[in-house]
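So this one's work17.txt, compact mmCIF, C-alpha atoms:
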# COMPACT_ATOMS: atom_id res chain seq x y z
CA MET A 1 44.64 -13.33 26.20
CA SER A 2 42.14 -12.03 28.73
CA ASP A 3 43.17 -11.14 32.26
CA HIS A 4 39.85 -12.02 33.81
CA PRO A 5 39.98 -15.72 34.70
CA LEU A 6 36.32 -16.45 33.95
CA ILE A 7 36.52 -14.85 30.51
CA ALA A 8 39.81 -16.62 29.86
CA LEU A 9 38.14 -19.95 30.71
CA ILE A 10 35.37 -19.28 28.18
CA VAL A 11 37.83 -18.16 25.51
CA VAL A 12 39.88 -21.33 25.95
CA ILE A 13 37.14 -23.91 26.42
CA ALA A 14 34.13 -22.84 24.31
CA PRO A 15 35.89 -23.29 20.95
CA LEU A 16 37.03 -26.77 22.04
CA SER A 17 33.38 -27.68 22.50
CA LEU A 18 32.80 -27.39 18.77
CA VAL A 19 36.03 -29.01 17.63
CA ALA A 20 35.60 -32.04 19.87
CA LEU A 21 34.77 -34.25 16.92
CA GLY A 22 34.51 -37.90 17.75
CA GLY A 23 34.19 -37.31 21.45
CA ALA A 24 36.11 -35.89 24.35
CA SER A 25 39.49 -37.38 23.48
CA ALA A 26 39.92 -34.67 20.85
CA ILE A 27 40.03 -31.89 23.46
CA TYR A 28 42.63 -33.25 25.87
CA ALA A 29 45.73 -32.21 23.95
CA PRO A 30 44.66 -28.65 22.98
CA LEU A 31 43.28 -28.02 26.47
CA GLN A 32 46.53 -29.15 28.04
CA TYR A 33 48.47 -26.79 25.79
CA GLN A 34 46.30 -23.79 26.74
CA ALA A 35 46.07 -24.55 30.46
CA VAL A 36 49.72 -25.48 30.98
CA ASP A 37 51.80 -23.66 28.36
CA VAL A 38 49.76 -20.57 27.49
CA TYR A 39 47.93 -19.60 30.69
CA HIS A 40 50.11 -21.42 33.28
CA TRP A 41 47.03 -22.33 35.31
CA ILE A 42 48.50 -25.71 36.29
CA THR A 43 51.59 -27.82 35.61
CA GLY A 44 51.67 -30.74 33.19
CA ARG A 45 51.78 -33.19 36.06
CA GLU A 46 48.71 -31.59 37.65
CA TYR A 47 46.91 -31.86 34.33
CA LEU A 48 47.46 -35.62 34.30
CA GLU A 49 46.11 -35.72 37.83
CA LEU A 50 42.93 -33.92 36.73
CA PHE A 51 42.63 -36.48 33.94
CA ALA A 52 42.87 -39.34 36.41
CA ILE A 53 40.31 -37.77 38.75
CA ALA A 54 37.81 -37.28 35.95
CA ARG A 55 38.27 -40.90 34.92
CA VAL A 56 37.52 -42.36 38.34
CA THR A 57 34.49 -40.15 39.04
CA PRO A 58 31.09 -40.48 37.37
CA GLY A 59 30.23 -38.36 34.38
CA PRO A 60 32.05 -37.80 31.09
CA GLY A 61 35.86 -37.86 31.29
CA SER A 62 35.81 -34.40 29.79
CA MET A 63 34.66 -33.12 33.18
CA LEU A 64 38.32 -32.55 33.87
CA THR A 65 37.51 -29.08 32.54
CA THR A 66 35.19 -28.65 35.54
CA ILE A 67 38.08 -29.28 37.94
CA LEU A 68 40.31 -27.04 35.85
CA GLY A 69 37.73 -24.25 36.27
CA TRP A 70 37.61 -24.98 39.99
CA ARG A 71 41.40 -24.68 40.27
CA VAL A 72 41.39 -21.41 38.30
CA ALA A 73 38.45 -19.57 39.89
CA GLY A 74 36.63 -21.66 42.49
CA LEU A 75 32.96 -22.54 42.13
CA PRO A 76 32.18 -19.82 39.56
CA GLY A 77 35.14 -21.07 37.55
CA ALA A 78 33.90 -24.66 37.70
CA LEU A 79 30.44 -23.60 36.56
CA VAL A 80 31.70 -21.41 33.73
CA ALA A 81 34.15 -24.06 32.52
CA THR A 82 31.44 -26.74 32.52
CA LEU A 83 28.94 -24.58 30.63
CA ALA A 84 31.59 -23.43 28.16
CA LEU A 85 32.40 -27.04 27.30
CA TYR A 86 28.89 -28.49 27.04
CA VAL A 87 26.56 -25.69 25.94
CA PRO A 88 27.90 -24.94 22.43
CA SER A 89 28.03 -28.58 21.30
CA SER A 90 24.66 -29.30 22.94
CA ALA A 91 23.01 -26.34 21.21
CA LEU A 92 24.30 -27.59 17.87
CA CYS A 93 23.17 -31.13 18.63
CA PHE A 94 19.72 -29.85 19.62
CA VAL A 95 19.22 -27.99 16.35
CA ILE A 96 20.37 -30.97 14.29
CA ALA A 97 18.25 -33.42 16.32
CA ARG A 98 15.21 -31.24 15.71
CA VAL A 99 15.73 -31.02 11.98
CA TRP A 100 16.52 -34.73 11.98
CA ASN A 101 13.29 -35.75 13.67
CA ARG A 102 11.22 -33.43 11.51
CA TYR A 103 12.22 -35.18 8.31
CA ARG A 104 11.64 -38.69 9.62
CA GLY A 105 9.98 -40.77 6.93
CA SER A 106 11.63 -39.22 3.89
CA ARG A 107 13.81 -41.36 1.66
CA TRP A 108 17.08 -39.53 2.33
CA HIS A 109 16.39 -39.56 6.06
CA ALA A 110 16.02 -43.32 5.96
CA ALA A 111 19.17 -43.58 3.84
CA ILE A 112 21.24 -41.52 6.29
CA GLU A 113 19.82 -43.45 9.21
CA ASN A 114 20.47 -46.86 7.63
CA GLY A 115 23.84 -45.73 6.33
CA LEU A 116 25.06 -44.51 9.68
CA ARG A 117 23.92 -47.49 11.69
CA PRO A 118 26.66 -49.95 10.79
CA ILE A 119 29.19 -47.16 11.48
CA GLY A 120 27.62 -46.55 14.88
CA ALA A 121 27.76 -50.28 15.65
CA GLY A 122 31.41 -50.46 14.58
CA LEU A 123 32.28 -47.43 16.70
CA MET A 124 30.49 -48.86 19.72
CA ILE A 125 32.52 -52.07 19.67
CA SER A 126 35.68 -50.05 18.95
CA GLY A 127 34.97 -47.80 21.93
CA GLY A 128 34.81 -50.81 24.24
CA VAL A 129 38.05 -52.23 22.83
CA MET A 130 39.79 -48.87 23.28
CA ILE A 131 38.76 -48.57 26.92
CA LEU A 132 40.15 -52.02 27.65
CA ARG A 133 43.36 -51.05 25.90
CA VAL A 134 43.73 -47.88 28.01
CA GLU A 135 43.11 -49.81 31.20
CA GLU A 136 45.99 -52.14 30.29
CA SER A 137 44.69 -54.75 32.64
CA GLY A 138 45.22 -57.71 30.33
CA PRO A 139 43.17 -60.88 29.95
CA LEU A 140 41.43 -60.43 33.30
CA ALA A 141 39.74 -57.21 32.14
CA TRP A 142 38.73 -58.86 28.87
CA ALA A 143 37.27 -61.82 30.72
CA MET A 144 35.29 -59.50 33.00
CA ALA A 145 33.95 -57.48 30.07
CA LEU A 146 32.89 -60.61 28.17
CA ALA A 147 31.32 -62.09 31.29
CA ALA A 148 29.27 -58.91 31.82
CA CYS A 149 28.24 -58.99 28.18
CA ALA A 150 27.17 -62.64 28.46
CA LEU A 151 25.26 -61.91 31.65
CA LEU A 152 23.38 -59.10 29.90
CA THR A 153 22.57 -61.36 26.96
CA TRP A 154 21.05 -63.82 29.39
CA ARG A 155 19.31 -61.14 31.51
CA PRO A 156 18.90 -57.99 29.35
CA LEU A 157 17.17 -55.98 32.07
CA LEU A 158 19.68 -56.72 34.82
CA HIS A 159 20.24 -53.41 36.59
CA PRO A 160 23.53 -51.66 35.74
CA MET A 161 24.09 -50.91 39.43
CA MET A 162 24.23 -54.64 40.16
CA LEU A 163 26.76 -55.09 37.39
CA ILE A 164 28.85 -52.13 38.54
CA ALA A 165 28.91 -53.27 42.16
CA GLY A 166 29.64 -56.84 41.07
CA GLY A 167 32.44 -55.69 38.77
CA ALA A 168 34.10 -53.67 41.51
CA ILE A 169 33.88 -56.45 44.09
CA VAL A 170 35.02 -59.25 41.78
CA PHE A 171 37.95 -57.22 40.48
CA VAL A 172 39.14 -56.20 43.94
CA ALA A 173 38.88 -59.82 45.09
CA LEU A 174 40.69 -61.18 42.04
CA ARG A 175 43.47 -58.61 42.39
CA ALA A 176 43.86 -59.54 46.03
CA VAL A 177 44.13 -63.24 45.16
CA ILE A 178 46.10 -63.11 41.91
CA GLY A 179 48.02 -59.91 42.68
CA MET B 1 1.78 -35.22 19.82
CA GLN B 2 1.30 -38.94 19.54
CA LYS B 3 4.08 -39.65 22.03
CA PRO B 4 3.17 -40.26 25.65
CA ALA B 5 3.89 -37.11 27.64
CA VAL B 6 6.90 -37.53 29.90
CA SER B 7 7.25 -35.13 32.79
CA LEU B 8 10.38 -32.99 32.93
CA LEU B 9 10.89 -34.12 36.50
CA ALA B 10 10.92 -37.78 35.42
CA LEU B 11 13.40 -36.87 32.70
CA TYR B 12 15.64 -35.03 35.15
CA LYS B 13 15.51 -37.86 37.67
CA LEU B 14 16.42 -40.45 35.05
CA PHE B 15 19.42 -38.54 33.76
CA PHE B 16 20.52 -37.50 37.23
CA GLY B 17 20.52 -41.13 38.36
CA VAL B 18 22.36 -42.40 35.29
CA GLY B 19 24.86 -39.53 35.50
CA LEU B 20 25.58 -40.18 39.14
CA PHE B 21 26.59 -43.79 38.56
CA SER B 22 28.07 -43.51 35.10
CA PHE B 23 31.55 -44.75 35.92
CA GLY B 24 33.76 -46.10 33.20
CA GLY B 25 31.80 -45.19 30.10
CA GLY B 26 28.81 -47.54 29.85
CA LEU B 27 26.51 -44.54 29.57
CA THR B 28 25.04 -45.17 26.14
CA ALA B 29 24.18 -48.74 27.09
CA TRP B 30 22.47 -47.53 30.23
CA PHE B 31 20.50 -44.88 28.29
CA HIS B 32 19.39 -47.59 25.90
CA ARG B 33 18.17 -49.78 28.73
CA GLU B 34 16.15 -47.01 30.39
CA VAL B 35 14.80 -45.21 27.33
CA VAL B 36 14.14 -48.09 24.92
CA LEU B 37 13.84 -51.29 26.95
CA VAL B 38 12.29 -50.11 30.22
CA ARG B 39 10.36 -46.95 29.33
CA GLY B 40 9.67 -47.35 25.61
CA TRP B 41 10.18 -43.64 24.89
CA MET B 42 12.03 -44.48 21.69
CA THR B 43 12.32 -47.33 19.22
CA ASN B 44 15.62 -49.10 18.58
CA ASP B 45 15.86 -47.35 15.21
CA GLU B 46 15.38 -43.92 16.72
CA PHE B 47 17.90 -44.62 19.45
CA PHE B 48 20.66 -45.95 17.23
CA SER B 49 20.25 -43.26 14.61
CA GLY B 50 20.62 -40.73 17.43
CA TYR B 51 23.74 -42.56 18.51
CA SER B 52 25.26 -42.17 15.07
CA LEU B 53 24.39 -38.47 15.07
CA ALA B 54 25.91 -38.05 18.52
CA GLN B 55 29.12 -39.60 17.19
CA LEU B 56 29.25 -37.46 14.07
CA LEU B 57 28.54 -34.14 15.77
CA PRO B 58 31.17 -32.36 17.84
CA GLY B 59 30.93 -32.74 21.59
CA VAL B 60 30.83 -35.59 24.04
CA ASN B 61 28.79 -38.62 22.98
CA SER B 62 26.92 -38.96 26.25
CA THR B 63 25.85 -35.30 26.46
CA ASN B 64 24.86 -35.31 22.79
CA MET B 65 22.83 -38.45 23.46
CA ALA B 66 21.12 -36.75 26.43
CA VAL B 67 20.27 -33.75 24.25
CA TYR B 68 18.94 -36.02 21.49
CA ILE B 69 16.80 -38.09 23.84
CA GLY B 70 15.55 -34.98 25.65
CA GLN B 71 14.64 -33.35 22.36
CA HIS B 72 12.82 -36.45 21.20
CA VAL B 73 10.79 -36.72 24.38
CA ARG B 74 10.10 -33.09 25.33
CA GLY B 75 11.68 -30.68 22.82
CA ALA B 76 13.95 -27.82 23.91
CA ALA B 77 13.02 -28.04 27.59
CA GLY B 78 13.63 -31.78 27.47
CA SER B 79 17.12 -31.31 26.06
CA ALA B 80 18.05 -28.73 28.68
CA VAL B 81 16.66 -30.83 31.52
CA ALA B 82 18.33 -34.04 30.34
CA LEU B 83 21.69 -32.31 30.00
CA ALA B 84 21.39 -30.59 33.37
CA GLY B 85 20.33 -33.86 34.99
CA LEU B 86 23.24 -35.75 33.49
CA LEU B 87 25.88 -33.24 34.57
CA SER B 88 24.67 -31.89 37.90
CA GLY B 89 25.58 -34.93 40.00
CA PRO B 90 29.05 -35.49 38.53
CA PHE B 91 29.72 -31.73 38.73
CA PHE B 92 29.86 -31.79 42.52
CA ILE B 93 31.41 -35.24 42.77
CA VAL B 94 34.29 -34.39 40.48
CA ILE B 95 35.08 -31.27 42.53
CA ALA B 96 34.87 -33.21 45.79
CA ALA B 97 37.14 -35.88 44.33
CA ALA B 98 39.64 -33.26 43.21
CA VAL B 99 39.76 -31.92 46.77
CA ALA B 100 40.13 -35.40 48.30
CA TYR B 101 42.18 -36.98 45.51
CA ASN B 102 45.35 -37.79 47.44
CA ARG B 103 43.43 -39.61 50.13
CA LEU B 104 41.21 -41.45 47.61
CA VAL B 105 44.00 -43.16 45.69
CA GLU B 106 45.57 -44.40 48.93
CA LEU B 107 42.42 -46.31 49.85
CA PRO B 108 43.16 -50.02 49.52
CA GLY B 109 41.48 -51.50 46.47
CA PHE B 110 40.35 -48.15 45.08
CA THR B 111 42.08 -48.40 41.72
CA ALA B 112 41.19 -52.09 41.37
CA ALA B 113 37.52 -51.29 42.05
CA MET B 114 37.59 -48.53 39.44
CA THR B 115 39.16 -50.87 36.88
CA GLY B 116 36.55 -53.51 37.70
CA ILE B 117 33.78 -50.99 37.11
CA ALA B 118 35.33 -49.96 33.80
CA THR B 119 35.50 -53.58 32.59
CA VAL B 120 31.83 -54.14 33.37
CA ALA B 121 30.97 -50.90 31.58
CA VAL B 122 32.81 -52.25 28.54
CA GLY B 123 30.71 -55.41 28.80
CA MET B 124 27.59 -53.23 28.65
CA ILE B 125 28.95 -51.47 25.58
CA PHE B 126 29.74 -54.80 23.89
CA ARG B 127 26.24 -56.06 24.56
CA LEU B 128 24.67 -52.93 23.07
CA GLY B 129 27.10 -53.17 20.15
CA MET B 130 25.81 -56.69 19.46
CA ALA B 131 22.19 -55.54 19.59
CA SER B 132 22.96 -52.63 17.32
CA MET B 133 24.82 -54.90 14.89
CA LYS B 134 21.86 -57.21 14.51
CA ASP B 135 19.73 -54.26 13.46
CA ALA B 136 22.37 -52.51 11.39
CA VAL B 137 23.30 -55.41 9.17
CA ARG B 138 20.48 -55.59 6.68
CA HIS B 139 22.44 -56.03 3.46
CA TRP B 140 26.03 -56.75 2.48
CA PRO B 141 27.36 -53.17 2.12
CA SER B 142 26.44 -52.49 5.74
CA ILE B 143 28.40 -55.57 6.88
CA LEU B 144 31.37 -54.23 4.94
CA VAL B 145 31.01 -50.77 6.51
CA LEU B 146 30.68 -52.21 10.00
CA VAL B 147 33.82 -54.32 9.66
CA ALA B 148 35.75 -51.45 8.03
CA THR B 149 34.77 -49.09 10.86
CA PHE B 150 35.85 -51.55 13.51
CA VAL B 151 39.16 -52.42 11.83
CA ALA B 152 40.06 -48.77 11.16
CA VAL B 153 39.05 -47.28 14.50
CA GLY B 154 39.13 -50.18 16.95
CA LEU B 155 42.12 -52.19 15.69
CA LEU B 156 44.32 -49.82 13.67
CA GLN B 157 43.36 -46.81 15.82
CA TRP B 158 43.17 -44.46 12.86
CA PRO B 159 41.89 -40.95 13.60
CA LEU B 160 38.11 -41.01 13.78
CA LEU B 161 37.25 -38.02 11.64
CA PRO B 162 38.79 -39.04 8.29
CA VAL B 163 37.43 -42.55 8.77
CA LEU B 164 33.92 -41.20 9.33
CA LEU B 165 34.14 -38.74 6.47
CA THR B 166 35.17 -41.57 4.14
CA LEU B 167 32.79 -44.29 5.27
CA ALA B 168 29.65 -42.24 6.04
CA PRO B 169 29.02 -40.93 2.49
CA LEU B 170 29.70 -44.37 0.99
CA SER B 171 27.43 -46.10 3.45
CA ILE B 172 24.64 -43.54 3.07
CA ALA B 173 24.86 -43.73 -0.73
CA ALA B 174 24.64 -47.52 -0.57
CA ALA B 175 21.60 -47.28 1.69
CA TYR B 176 19.97 -44.71 -0.60
CA MET B 177 20.30 -46.93 -3.63
CA ARG B 178 19.08 -50.04 -1.89
CA PRO B 179 15.34 -49.72 -2.74
CA ALA B 180 16.32 -49.69 -6.42
CA GLN B 181 18.19 -52.97 -5.98
CA LYS B 182 15.03 -54.68 -4.86
CA ALA B 183 13.57 -54.71 -8.35
CA PRO B 184 10.57 -57.04 -8.67
CA HIS B 185 12.32 -59.26 -11.19
CA GLU B 186 15.95 -60.22 -10.77

In structure tokens, what does this structure look like?
Amino acid sequence: MSDHPLIALIVVIAPLSLVALGGASAIYAPLQYQAVDVYHWITGREYLELFAIARVTPGPGSMLTTILGWRVAGLPGALVATLALYVPSSALCFVIARVWNRYRGSRWHAAIENGLRPIGAGLMISGGVMILRVEESGPLAWAMALAACALLTWRPLLHPMMLIAGGAIVFVALRAVIG
Amino acid sequence: MQKPAVSLLALYKLFFGVGLFSFGGGLTAWFHREVVLVRGWMTNDEFFSGYSLAQLLPGVNSTNMAVYIGQHVRGAAGSAVALAGLLSGPFFIVIAAAVAYNRLVELPGFTAAMTGIATVAVGMIFRLGMASMKDAVRHWPSILVLVATFVAVGLLQWPLLPVLLTLAPLSIAAAYMRPAQKAPHE
């Protein structure tokens, strides 16, 4: 355990960057353990609050580490925590992407690409289902999601900002009417 | 380079804009719209294979996607710029929100608006999922893999990693052997 808060942030967060297999959800539990039980930076309740903040702000949900860094060591802490989380995995992804694009056209490249595509499609649909499940907003949320999907099928280039604004307004209005 | 040169500034602007408004997780769908449909920097095949890579590699899907797209368009500098663009807006917003959190949640309609945004983002994901399905399903093993992935991860909520490590080799092997199946006489 390092005494210097910035170094401690790197020591805690950087390894999580490379174990975050399958996305950010893999880091939440180990990060909570380190931040709450090992380093006592924040309480468990505060950790949940960071989680909620990161969910309602733009950017990946994993940006809760940015706020954690902010709580621990101000702006430098926020910067260090953010870099520690995203740089290692991004560097790895860059190297793989480069190798990947270099071998485009070979038979095994095509096989990997074609083999992974149905998995990617399955995961994409699963991801949407999982978000709706977390939101726990019932049939209304499903109806909204399917309506947005139908709208995009009809108008593929409809701007996401229009959808986002529309979604917010409609949901607030429906909640006010239905309760 | 046969690709049209894209300026780093244009790359930064695109990712900054998407990052700034990326509530609720529709990021990949938005990337697809901008990079494939509107700008034509990538083909559908290139995009979706990058998506699968982004899922398989450690790290957040959206940042991996930014790195992949940046690399494709402008190499190392492109990756760095795309990543920085994606994260720089949210970086300040998330800190500001942390400071103002208690007042934010008391705003009337705030949580409902956020839920509404999330549902629309899911709609965007579903739409992209449909597009990706149409391309992915080219022979029966891929239909099987797609359904198995969805049932295991989306319905049964099994842990992602073992599911991927089981299905990916099978699916890749099936895809590798496919040209041999198409023998001239059957």

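For the pair atom CA of A:His159 and atom CA of B:Ala121, the separation is 12.1 Å.
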
Would you list the contacts of stretch 134-141 of chain B as a PyMOL selection string, taking every protein, DNA or RNA residue within 7 Å and counting only C-alpha atoms, but skipping same-chain residues closer than 3 positions in sequence?
(chain A and resi 117-118) or (chain B and resi 130-131+144-145+174)

For atom CA of B:Lys13 and atom CA of B:Gly26, quote the distance in Å rounded to one decimal.
18.2 Å

My list of candidates is B:Ile69, B:Leu107, B:Ala98, B:Leu37. Which is closest to A:Phe51 when distances are computed with only C-alpha atoms?
B:Ala98

So that I can check the surroundings of B:Leu155, please list as a PDB file with C-alpha atoms, in the frame of the given file every protein, DNA and RNA residue that reaches within 12 Å of it, counting all atoms listed in the file and ignoring chain neighbours fewer than 6 positions away.
ATOM      1  CA  GLY A 122      31.410 -50.460  14.580  1.00  0.00           C
ATOM      2  CA  LEU A 123      32.280 -47.430  16.700  1.00  0.00           C
ATOM      3  CA  ILE A 125      32.520 -52.070  19.670  1.00  0.00           C
ATOM      4  CA  SER A 126      35.680 -50.050  18.950  1.00  0.00           C
ATOM      5  CA  GLY A 127      34.970 -47.800  21.930  1.00  0.00           C
ATOM      6  CA  GLY A 128      34.810 -50.810  24.240  1.00  0.00           C
ATOM      7  CA  VAL A 129      38.050 -52.230  22.830  1.00  0.00           C
ATOM      8  CA  MET A 130      39.790 -48.870  23.280  1.00  0.00           C
ATOM      9  CA  ARG A 133      43.360 -51.050  25.900  1.00  0.00           C
TER      10      ARG A 133
ATOM     11  CA  VAL B 147      33.820 -54.320   9.660  1.00  0.00           C
ATOM     12  CA  ALA B 148      35.750 -51.450   8.030  1.00  0.00           C
ATOM     13  CA  THR B 149      34.770 -49.090  10.860  1.00  0.00           C
TER      14      THR B 149
END

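Our summary of the geometry notes that atom CA of A:Pro60 is positioned 8.8 Å from atom CA of B:Asn61.
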
I need every residue sitting at most 12 Å from the point (28.0, -61.0, 29.6) (coordinates as in the file, only C-alpha atoms considered), written as a PyMOL selection string.
(chain A and resi 142-156+158+163+167) or (chain B and resi 119-128+130)

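Minimum atom-to-atom distance to B:Tyr101, evaluated using only C-alpha atoms, belongs to A:Ile53 out of A:Leu79, A:Ile53, A:Ala97, A:Ala91.
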
Since the input lacks some atoms of stretch 170-179 of chain B, please model all heavy atoms and print them as a JSON list (two decimals), keeping the file's coordinate frame.
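After the write, rebuild-v6.json holds the following:
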[["chain", "number", "residue", "atom", "x", "y", "z"],
["B", 170, "LEU", "N", 29.81, -43.10, 1.72],
["B", 170, "LEU", "CA", 29.70, -44.37, 0.99],
["B", 170, "LEU", "C", 28.53, -45.19, 1.51],
["B", 170, "LEU", "O", 27.71, -45.71, 0.75],
["B", 170, "LEU", "CB", 30.99, -45.18, 1.13],
["B", 170, "LEU", "CG", 32.23, -44.62, 0.42],
["B", 170, "LEU", "CD1", 33.46, -45.46, 0.76],
["B", 170, "LEU", "CD2", 32.00, -44.59, -1.09],
["B", 171, "SER", "N", 28.46, -45.29, 2.83],
["B", 171, "SER", "CA", 27.43, -46.10, 3.45],
["B", 171, "SER", "C", 26.04, -45.53, 3.21],
["B", 171, "SER", "O", 25.08, -46.26, 2.94],
["B", 171, "SER", "CB", 27.72, -46.21, 4.95],
["B", 171, "SER", "OG", 26.79, -47.03, 5.57],
["B", 172, "ILE", "N", 25.93, -44.19, 3.29],
["B", 172, "ILE", "CA", 24.64, -43.54, 3.07],
["B", 172, "ILE", "C", 24.21, -43.71, 1.61],
["B", 172, "ILE", "O", 23.04, -44.00, 1.31],
["B", 172, "ILE", "CB", 24.71, -42.05, 3.46],
["B", 172, "ILE", "CG1", 24.87, -41.93, 4.98],
["B", 172, "ILE", "CG2", 23.47, -41.30, 2.99],
["B", 172, "ILE", "CD1", 25.24, -40.54, 5.46],
["B", 173, "ALA", "N", 25.17, -43.56, 0.69],
["B", 173, "ALA", "CA", 24.86, -43.73, -0.73],
["B", 173, "ALA", "C", 24.37, -45.15, -1.00],
["B", 173, "ALA", "O", 23.38, -45.36, -1.71],
["B", 173, "ALA", "CB", 26.09, -43.42, -1.58],
["B", 174, "ALA", "N", 25.04, -46.12, -0.39],
["B", 174, "ALA", "CA", 24.64, -47.52, -0.57],
["B", 174, "ALA", "C", 23.22, -47.74, -0.04],
["B", 174, "ALA", "O", 22.41, -48.42, -0.66],
["B", 174, "ALA", "CB", 25.62, -48.44, 0.13],
["B", 175, "ALA", "N", 22.93, -47.12, 1.10],
["B", 175, "ALA", "CA", 21.60, -47.28, 1.69],
["B", 175, "ALA", "C", 20.54, -46.59, 0.83],
["B", 175, "ALA", "O", 19.42, -47.07, 0.70],
["B", 175, "ALA", "CB", 21.59, -46.71, 3.11],
["B", 176, "TYR", "N", 20.93, -45.46, 0.22],
["B", 176, "TYR", "CA", 19.97, -44.71, -0.60],
["B", 176, "TYR", "C", 19.59, -45.50, -1.85],
["B", 176, "TYR", "O", 18.44, -45.47, -2.28],
["B", 176, "TYR", "CB", 20.58, -43.37, -1.00],
["B", 176, "TYR", "CG", 19.59, -42.41, -1.61],
["B", 176, "TYR", "CD1", 18.74, -41.67, -0.79],
["B", 176, "TYR", "CD2", 19.49, -42.26, -2.99],
["B", 176, "TYR", "CE1", 17.81, -40.79, -1.33],
["B", 176, "TYR", "CE2", 18.57, -41.38, -3.54],
["B", 176, "TYR", "CZ", 17.73, -40.65, -2.70],
["B", 176, "TYR", "OH", 16.81, -39.79, -3.24],
["B", 177, "MET", "N", 20.56, -46.21, -2.38],
["B", 177, "MET", "CA", 20.30, -46.93, -3.63],
["B", 177, "MET", "C", 19.64, -48.29, -3.40],
["B", 177, "MET", "O", 19.22, -48.92, -4.35],
["B", 177, "MET", "CB", 21.61, -47.11, -4.40],
["B", 177, "MET", "CG", 22.06, -45.80, -5.00],
["B", 177, "MET", "SD", 23.63, -45.84, -5.85],
["B", 177, "MET", "CE", 24.68, -46.79, -4.82],
["B", 178, "ARG", "N", 19.57, -48.69, -2.16],
["B", 178, "ARG", "CA", 19.08, -50.04, -1.89],
["B", 178, "ARG", "C", 17.67, -50.33, -2.41],
["B", 178, "ARG", "O", 17.45, -51.38, -2.99],
["B", 178, "ARG", "CB", 19.14, -50.34, -0.39],
["B", 178, "ARG", "CG", 18.75, -51.75, -0.05],
["B", 178, "ARG", "CD", 19.41, -52.20, 1.19],
["B", 178, "ARG", "NE", 19.54, -51.08, 2.11],
["B", 178, "ARG", "CZ", 19.15, -51.14, 3.38],
["B", 178, "ARG", "NH1", 18.60, -52.22, 3.83],
["B", 178, "ARG", "NH2", 19.32, -50.11, 4.17],
["B", 179, "PRO", "N", 16.69, -49.40, -2.25],
["B", 179, "PRO", "CA", 15.34, -49.72, -2.74],
["B", 179, "PRO", "C", 15.35, -50.07, -4.22],
["B", 179, "PRO", "O", 14.60, -50.94, -4.65],
["B", 179, "PRO", "CB", 14.56, -48.43, -2.49],
["B", 179, "PRO", "CG", 15.28, -47.77, -1.37],
["B", 179, "PRO", "CD", 16.73, -48.14, -1.55]]
